[in-house]
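The next block is final15.cif, given as mmCIF, C-alpha atoms, pLDDT in the B column; chains and numbers go by the auth columns.
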data_coords
loop_
_atom_site.group_PDB
_atom_site.id
_atom_site.type_symbol
_atom_site.label_atom_id
_atom_site.label_comp_id
_atom_site.label_asym_id
_atom_site.label_seq_id
_atom_site.Cartn_x
_atom_site.Cartn_y
_atom_site.Cartn_z
_atom_site.B_iso_or_equiv
_atom_site.auth_seq_id
_atom_site.auth_asym_id
ATOM 1 C CA MET A 1 -7.850 -60.788 -18.000 85.00 379 A
ATOM 2 C CA PRO A 2 -5.187 -59.335 -20.265 94.00 380 A
ATOM 3 C CA ARG A 3 -1.901 -61.195 -20.375 95.00 381 A
ATOM 4 C CA LEU A 4 0.012 -57.898 -20.313 96.00 382 A
ATOM 5 C CA PRO A 5 -1.032 -54.786 -18.411 94.00 383 A
ATOM 6 C CA TYR A 6 -2.662 -52.135 -20.564 94.00 384 A
ATOM 7 C CA LYS A 7 -0.347 -49.195 -21.150 91.00 385 A
ATOM 8 C CA ILE A 8 -1.611 -46.215 -19.190 87.00 386 A
ATOM 9 C CA ASP A 9 -1.869 -42.832 -20.890 79.00 387 A
ATOM 10 C CA ALA A 10 1.323 -41.446 -19.338 73.00 388 A
ATOM 11 C CA ALA A 11 3.344 -44.443 -20.550 80.00 389 A
ATOM 12 C CA ALA A 12 1.445 -45.355 -23.714 84.00 390 A
ATOM 13 C CA GLY A 13 4.218 -44.415 -26.097 85.00 391 A
ATOM 14 C CA PRO A 14 5.702 -41.620 -28.179 89.00 392 A
ATOM 15 C CA ALA A 15 3.294 -38.677 -28.194 90.00 393 A
ATOM 16 C CA GLU A 16 3.064 -38.421 -31.995 92.00 394 A
ATOM 17 C CA ILE A 17 2.151 -42.115 -32.298 93.00 395 A
ATOM 18 C CA VAL A 18 -0.432 -41.951 -29.538 92.00 396 A
ATOM 19 C CA ALA A 19 -1.891 -38.779 -31.099 92.00 397 A
ATOM 20 C CA ALA A 20 -2.271 -40.469 -34.506 93.00 398 A
ATOM 21 C CA ILE A 21 -4.036 -43.444 -32.938 93.00 399 A
ATOM 22 C CA ARG A 22 -6.292 -41.184 -30.883 93.00 400 A
ATOM 23 C CA LYS A 23 -7.169 -39.216 -34.028 93.00 401 A
ATOM 24 C CA ARG A 24 -8.294 -42.372 -35.853 92.00 402 A
ATOM 25 C CA ARG A 25 -10.183 -43.550 -32.777 91.00 403 A
ATOM 26 C CA GLY A 26 -12.035 -40.287 -32.184 91.00 404 A
ATOM 27 C CA GLY A 27 -9.894 -39.162 -29.252 91.00 405 A
ATOM 28 C CA THR A 28 -9.464 -42.318 -27.236 90.00 406 A
ATOM 29 C CA LEU A 29 -7.183 -45.330 -26.955 92.00 407 A
ATOM 30 C CA LEU A 30 -8.758 -48.774 -26.909 94.00 408 A
ATOM 31 C CA ASN A 31 -7.388 -51.677 -24.915 95.00 409 A
ATOM 32 C CA LEU A 32 -6.082 -53.130 -28.183 96.00 410 A
ATOM 33 C CA ASP A 33 -4.091 -49.936 -28.777 95.00 411 A
ATOM 34 C CA ARG A 34 -2.745 -50.075 -25.224 94.00 412 A
ATOM 35 C CA GLN A 35 -1.320 -53.526 -25.984 95.00 413 A
ATOM 36 C CA LEU A 36 -0.014 -52.701 -29.470 96.00 414 A
ATOM 37 C CA LEU A 37 1.859 -49.722 -28.030 94.00 415 A
ATOM 38 C CA TYR A 38 4.326 -52.144 -26.447 95.00 416 A
ATOM 39 C CA SER A 39 5.786 -51.919 -29.960 95.00 417 A
ATOM 40 C CA PRO A 40 5.498 -48.360 -31.286 94.00 418 A
ATOM 41 C CA ALA A 41 6.584 -49.464 -34.781 95.00 419 A
ATOM 42 C CA LEU A 42 3.835 -52.077 -34.845 96.00 420 A
ATOM 43 C CA ALA A 43 1.282 -49.598 -33.499 94.00 421 A
ATOM 44 C CA VAL A 44 2.102 -47.133 -36.299 95.00 422 A
ATOM 45 C CA ALA A 45 1.833 -49.752 -39.045 96.00 423 A
ATOM 46 C CA TRP A 46 -1.327 -51.238 -37.525 96.00 424 A
ATOM 47 C CA ASN A 47 -2.996 -47.843 -37.242 93.00 425 A
ATOM 48 C CA ARG A 48 -2.232 -47.014 -40.860 95.00 426 A
ATOM 49 C CA MET A 49 -3.281 -50.371 -42.280 97.00 427 A
ATOM 50 C CA MET A 50 -6.413 -50.830 -40.211 96.00 428 A
ATOM 51 C CA GLY A 51 -7.428 -47.229 -40.825 94.00 429 A
ATOM 52 C CA THR A 52 -7.313 -47.962 -44.548 97.00 430 A
ATOM 53 C CA VAL A 53 -9.189 -51.243 -44.175 97.00 431 A
ATOM 54 C CA ARG A 54 -11.903 -49.588 -42.077 93.00 432 A
ATOM 55 C CA THR A 55 -12.395 -46.351 -43.973 93.00 433 A
ATOM 56 C CA GLY A 56 -10.335 -46.312 -47.155 96.00 434 A
ATOM 57 C CA LEU A 57 -11.804 -49.196 -49.131 97.00 435 A
ATOM 58 C CA ALA A 58 -14.903 -49.376 -51.295 97.00 436 A
ATOM 59 C CA VAL A 59 -16.405 -52.426 -49.551 97.00 437 A
ATOM 60 C CA PRO A 60 -19.856 -51.374 -48.327 97.00 438 A
ATOM 61 C CA ALA A 61 -19.755 -50.851 -44.560 98.00 439 A
ATOM 62 C CA ARG A 62 -22.578 -53.304 -43.887 98.00 440 A
ATOM 63 C CA LEU A 63 -20.834 -56.125 -45.773 98.00 441 A
ATOM 64 C CA ARG A 64 -17.540 -55.299 -44.083 98.00 442 A
ATOM 65 C CA GLU A 65 -19.064 -55.391 -40.616 98.00 443 A
ATOM 66 C CA ILE A 66 -21.001 -58.620 -41.244 98.00 444 A
ATOM 67 C CA ALA A 67 -17.743 -60.238 -42.299 98.00 445 A
ATOM 68 C CA ILE A 68 -15.849 -58.834 -39.310 98.00 446 A
ATOM 69 C CA CYS A 69 -18.505 -60.015 -36.846 98.00 447 A
ATOM 70 C CA ALA A 70 -18.401 -63.466 -38.453 98.00 448 A
ATOM 71 C CA VAL A 71 -14.607 -63.593 -38.048 98.00 449 A
ATOM 72 C CA ALA A 72 -14.974 -62.549 -34.406 98.00 450 A
ATOM 73 C CA THR A 73 -17.511 -65.283 -33.728 98.00 451 A
ATOM 74 C CA VAL A 74 -15.548 -68.045 -35.458 98.00 452 A
ATOM 75 C CA ASN A 75 -12.323 -67.062 -33.690 98.00 453 A
ATOM 76 C CA GLY A 76 -13.904 -66.603 -30.264 97.00 454 A
ATOM 77 C CA ALA A 77 -12.974 -62.914 -30.110 96.00 455 A
ATOM 78 C CA PRO A 78 -15.752 -61.165 -28.157 95.00 456 A
ATOM 79 C CA TYR A 79 -13.687 -57.956 -28.006 93.00 457 A
ATOM 80 C CA GLU A 80 -13.822 -57.710 -31.791 95.00 458 A
ATOM 81 C CA PHE A 81 -17.557 -58.477 -31.869 96.00 459 A
ATOM 82 C CA HIS A 82 -18.172 -55.951 -29.069 94.00 460 A
ATOM 83 C CA HIS A 83 -16.572 -53.188 -31.148 94.00 461 A
ATOM 84 C CA HIS A 84 -18.039 -54.109 -34.529 96.00 462 A
ATOM 85 C CA ALA A 85 -21.653 -55.015 -33.760 97.00 463 A
ATOM 86 C CA PRO A 86 -22.488 -51.325 -33.102 97.00 464 A
ATOM 87 C CA VAL A 87 -20.756 -50.379 -36.363 97.00 465 A
ATOM 88 C CA LEU A 88 -22.890 -52.952 -38.179 98.00 466 A
ATOM 89 C CA LEU A 89 -26.000 -51.398 -36.664 98.00 467 A
ATOM 90 C CA ALA A 90 -24.837 -47.919 -37.658 98.00 468 A
ATOM 91 C CA ALA A 91 -24.300 -49.208 -41.219 98.00 469 A
ATOM 92 C CA GLY A 92 -27.932 -50.295 -41.441 98.00 470 A
ATOM 93 C CA GLY A 93 -27.689 -53.791 -40.015 98.00 471 A
ATOM 94 C CA SER A 94 -30.404 -54.972 -37.673 98.00 472 A
ATOM 95 C CA GLU A 95 -30.404 -56.215 -34.089 98.00 473 A
ATOM 96 C CA ALA A 96 -31.662 -59.540 -35.486 98.00 474 A
ATOM 97 C CA GLN A 97 -28.613 -59.747 -37.762 98.00 475 A
ATOM 98 C CA VAL A 98 -26.263 -58.995 -34.894 98.00 476 A
ATOM 99 C CA GLU A 99 -27.930 -61.652 -32.759 98.00 477 A
ATOM 100 C CA ALA A 100 -27.848 -64.176 -35.611 98.00 478 A
ATOM 101 C CA LEU A 101 -24.109 -63.642 -36.110 98.00 479 A
ATOM 102 C CA GLY A 102 -23.531 -65.297 -32.736 97.00 480 A
ATOM 103 C CA ASP A 103 -24.114 -68.585 -34.632 98.00 481 A
ATOM 104 C CA VAL A 104 -22.548 -68.069 -38.036 98.00 482 A
ATOM 105 C CA ASP A 105 -23.558 -71.448 -39.416 97.00 483 A
ATOM 106 C CA ALA A 106 -27.225 -70.797 -38.749 98.00 484 A
ATOM 107 C CA ALA A 107 -26.881 -67.172 -39.883 98.00 485 A
ATOM 108 C CA ALA A 108 -25.457 -68.324 -43.225 97.00 486 A
ATOM 109 C CA THR A 109 -28.831 -69.913 -44.015 97.00 487 A
ATOM 110 C CA ARG A 110 -30.990 -66.938 -42.964 97.00 488 A
ATOM 111 C CA THR A 111 -32.305 -65.608 -46.248 97.00 489 A
ATOM 112 C CA ASP A 112 -34.976 -63.854 -44.206 98.00 490 A
ATOM 113 C CA LEU A 113 -32.336 -61.726 -42.424 98.00 491 A
ATOM 114 C CA PHE A 114 -29.525 -61.303 -44.910 98.00 492 A
ATOM 115 C CA LYS A 115 -29.500 -60.178 -48.529 98.00 493 A
ATOM 116 C CA ARG A 116 -27.656 -62.172 -51.184 98.00 494 A
ATOM 117 C CA ALA A 117 -24.417 -60.159 -50.988 98.00 495 A
ATOM 118 C CA GLU A 118 -24.514 -60.238 -47.174 98.00 496 A
ATOM 119 C CA LEU A 119 -24.859 -64.027 -47.154 98.00 497 A
ATOM 120 C CA ALA A 120 -22.023 -64.307 -49.639 98.00 498 A
ATOM 121 C CA ALA A 121 -19.785 -62.094 -47.469 98.00 499 A
ATOM 122 C CA LEU A 122 -20.734 -64.086 -44.372 98.00 500 A
ATOM 123 C CA ARG A 123 -20.008 -67.437 -46.021 98.00 501 A
ATOM 124 C CA LEU A 124 -16.726 -66.150 -47.423 98.00 502 A
ATOM 125 C CA ALA A 125 -15.651 -64.898 -43.989 98.00 503 A
ATOM 126 C CA VAL A 126 -16.526 -68.194 -42.312 98.00 504 A
ATOM 127 C CA GLU A 127 -14.740 -70.307 -44.904 98.00 505 A
ATOM 128 C CA MET A 128 -11.638 -68.104 -44.981 98.00 506 A
ATOM 129 C CA THR A 129 -11.476 -68.077 -41.187 98.00 507 A
ATOM 130 C CA ARG A 130 -12.020 -71.780 -40.638 98.00 508 A
ATOM 131 C CA SER A 131 -10.264 -73.260 -43.647 97.00 509 A
ATOM 132 C CA VAL A 132 -8.084 -70.505 -45.113 95.00 510 A
ATOM 133 C CA ARG A 133 -8.716 -72.074 -48.521 96.00 511 A
ATOM 134 C CA VAL A 134 -11.957 -70.945 -50.124 98.00 512 A
ATOM 135 C CA GLY A 135 -13.855 -73.470 -52.175 97.00 513 A
ATOM 136 C CA ASP A 136 -14.973 -72.604 -55.673 98.00 514 A
ATOM 137 C CA ALA A 137 -18.666 -72.562 -54.751 98.00 515 A
ATOM 138 C CA VAL A 138 -18.195 -69.985 -51.980 98.00 516 A
ATOM 139 C CA PHE A 139 -15.822 -67.874 -54.056 98.00 517 A
ATOM 140 C CA ASP A 140 -18.083 -67.963 -57.100 98.00 518 A
ATOM 141 C CA GLU A 141 -21.099 -67.046 -54.952 98.00 519 A
ATOM 142 C CA ALA A 142 -19.240 -64.035 -53.558 98.00 520 A
ATOM 143 C CA ARG A 143 -18.005 -62.974 -56.982 98.00 521 A
ATOM 144 C CA ALA A 144 -21.493 -63.160 -58.477 98.00 522 A
ATOM 145 C CA ALA A 145 -23.166 -61.424 -55.515 97.00 523 A
ATOM 146 C CA LEU A 146 -20.668 -58.569 -55.368 96.00 524 A
ATOM 147 C CA ALA A 147 -20.441 -58.154 -59.150 88.00 525 A
ATOM 148 C CA ASP A 148 -17.211 -56.170 -58.802 95.00 526 A
ATOM 149 C CA ASP A 149 -13.854 -57.910 -58.565 97.00 527 A
ATOM 150 C CA SER A 150 -12.206 -54.964 -56.814 98.00 528 A
ATOM 151 C CA ILE A 151 -14.811 -55.136 -54.031 98.00 529 A
ATOM 152 C CA LEU A 152 -14.249 -58.890 -53.785 98.00 530 A
ATOM 153 C CA VAL A 153 -10.480 -58.429 -53.413 98.00 531 A
ATOM 154 C CA GLU A 154 -11.022 -55.741 -50.775 98.00 532 A
ATOM 155 C CA LEU A 155 -13.486 -57.951 -48.885 98.00 533 A
ATOM 156 C CA VAL A 156 -11.026 -60.862 -48.920 98.00 534 A
ATOM 157 C CA ALA A 157 -8.286 -58.556 -47.601 98.00 535 A
ATOM 158 C CA THR A 158 -10.640 -57.158 -44.947 98.00 536 A
ATOM 159 C CA ILE A 159 -11.489 -60.654 -43.741 98.00 537 A
ATOM 160 C CA ALA A 160 -7.791 -61.534 -43.656 98.00 538 A
ATOM 161 C CA ALA A 161 -6.971 -58.341 -41.740 98.00 539 A
ATOM 162 C CA TYR A 162 -9.618 -58.994 -39.110 98.00 540 A
ATOM 163 C CA ASN A 163 -8.426 -62.557 -38.708 98.00 541 A
ATOM 164 C CA MET A 164 -5.086 -60.980 -37.786 98.00 542 A
ATOM 165 C CA VAL A 165 -6.839 -58.630 -35.355 98.00 543 A
ATOM 166 C CA SER A 166 -8.777 -61.401 -33.654 97.00 544 A
ATOM 167 C CA ARG A 167 -5.709 -63.588 -33.292 97.00 545 A
ATOM 168 C CA VAL A 168 -3.816 -60.783 -31.548 98.00 546 A
ATOM 169 C CA ILE A 169 -6.812 -60.041 -29.313 97.00 547 A
ATOM 170 C CA VAL A 170 -7.263 -63.674 -28.308 97.00 548 A
ATOM 171 C CA ALA A 171 -3.547 -64.381 -27.796 98.00 549 A
ATOM 172 C CA LEU A 172 -3.120 -61.307 -25.569 98.00 550 A
ATOM 173 C CA GLY A 173 -6.409 -61.776 -23.699 97.00 551 A
ATOM 174 C CA ILE A 174 -7.630 -58.284 -24.556 96.00 552 A
ATOM 175 C CA GLU A 175 -10.998 -57.468 -22.987 94.00 553 A
ATOM 176 C CA PRO A 176 -13.704 -55.032 -24.000 90.00 554 A
ATOM 177 C CA GLU A 177 -13.132 -51.698 -22.327 88.00 555 A
ATOM 178 C CA ALA A 178 -16.259 -52.100 -20.174 69.00 556 A
ATOM 179 C CA ALA A 179 -14.779 -55.332 -18.779 50.00 557 A
ATOM 180 C CA SER A 180 -11.564 -53.712 -17.597 47.00 558 A
ATOM 181 C CA ALA A 181 -10.718 -50.695 -15.522 43.00 559 A
ATOM 182 C CA LYS A 182 -10.049 -47.700 -17.737 39.00 560 A
ATOM 183 C CA PRO A 183 -6.367 -46.816 -17.484 36.00 561 A
#
Step by step, read the file and then write its structure as structure tokens.
Amino acid sequence: MPRLPYKIDAAAGPAEIVAAIRKRRGGTLLNLDRQLLYSPALAVAWNRMMGTVRTGLAVPARLREIAICAVATVNGAPYEFHHHAPVLLAAGGSEAQVEALGDVDAAATRTDLFKRAELAALRLAVEMTRSVRVGDAVFDEARAALADDSILVELVATIAAYNMVSRVIVALGIEPEAASAKP
């Protein structure tokens, strides 16, 4: 149950802000948007930043989505996992990978399911999310597997951004759209 009511379309916020969010979302507002719109300034900044993180960086989509799903699992954010597991599949991930990401510790050992760079991204996401500080072994593994420092920096920032997302989702009790009545 959300801790605040979801903003309904008629009261979601300034039309130009709602339109920009709808454009990025393919014409709809998600429950997360309906909460963020309690602060139009925050909703604008969030939309811009997360739009860049999702579509404006060079991190391969599959690595990005593995990391995001790992963050969602570690932080107990099923809303985030609900929205990103299909994106992982669309990026070439498998149903077995999605299922495995429900237990990130076990998944981090699955060389049969995940390629080297995917395991490195997964381990980096888990360590950043749980500990904030990343040990040298995990960092060095990610750096070697990605072989591009700009991709590594973008992956670190993506993981950090989705930790922010999951913390907002969990604190506000935001539910997947299927779990709540559509406003």
| task | Between A:Ala448, A:Ala515, A:Met506, A:Val548, single out the one closest to A:Ala486, counting all atoms listed in the file. | result |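 Smallest distance to A:Ala486 is found for A:Ala448.
Picked out by the PyMOL selection byres ((chain A and resi 469) around 10) when it runs on this file: Pro438, Ala439, Arg440, Leu441, Arg442, Glu443, Ile444, Ala463, Pro464, Val465, Leu466, Leu467, Ala468, Gly470, Gly471 and Ser472 of chain A.
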| message | Would you pick out the contacts of A:Leu497 at 8 Å or less, using only C-alpha atoms, so that residues sharing its chain but fewer than 6 positions from it are not included, and give the list as a count of residues only? | response | 4
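Put simply, the PyMOL selection byres ((chain A and resi 397) around 12) in this file takes in A:Asp387, A:Ala390, A:Gly391, A:Pro392, A:Ala393, A:Glu394, A:Ile395, A:Val396, A:Ala398, A:Ile399, A:Arg400, A:Lys401, A:Arg402, A:Arg403, A:Gly404, A:Gly405, A:Thr406, A:Leu407, A:Asp411, A:Leu415, A:Ala421, A:Val422, A:Asn425.
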| task | Give me, please, the distance in Å between atom CA of A:Arg412 and atom CA of A:Trp424, quoted to one decimal. | result | 12.4 Å
| Nearest to A:His460 among A:Val476, A:Met427, A:Leu550, A:Ala538, with distances taken over only C-alpha atoms: which residue is it? |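 Checking each candidate against A:His460, we get A:Val476 as the closest.
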| said: Could you list, as a list in words, every residue matched by the PyMOL selection byres ((chain A and resi 543-546) around 8) in this structure? | reply: Val449, Ala450, Asn453, Ala455, Glu458, Ala539, Tyr540, Asn541, Met542, Ile547, Val548, Ala549 and Leu550 of chain A
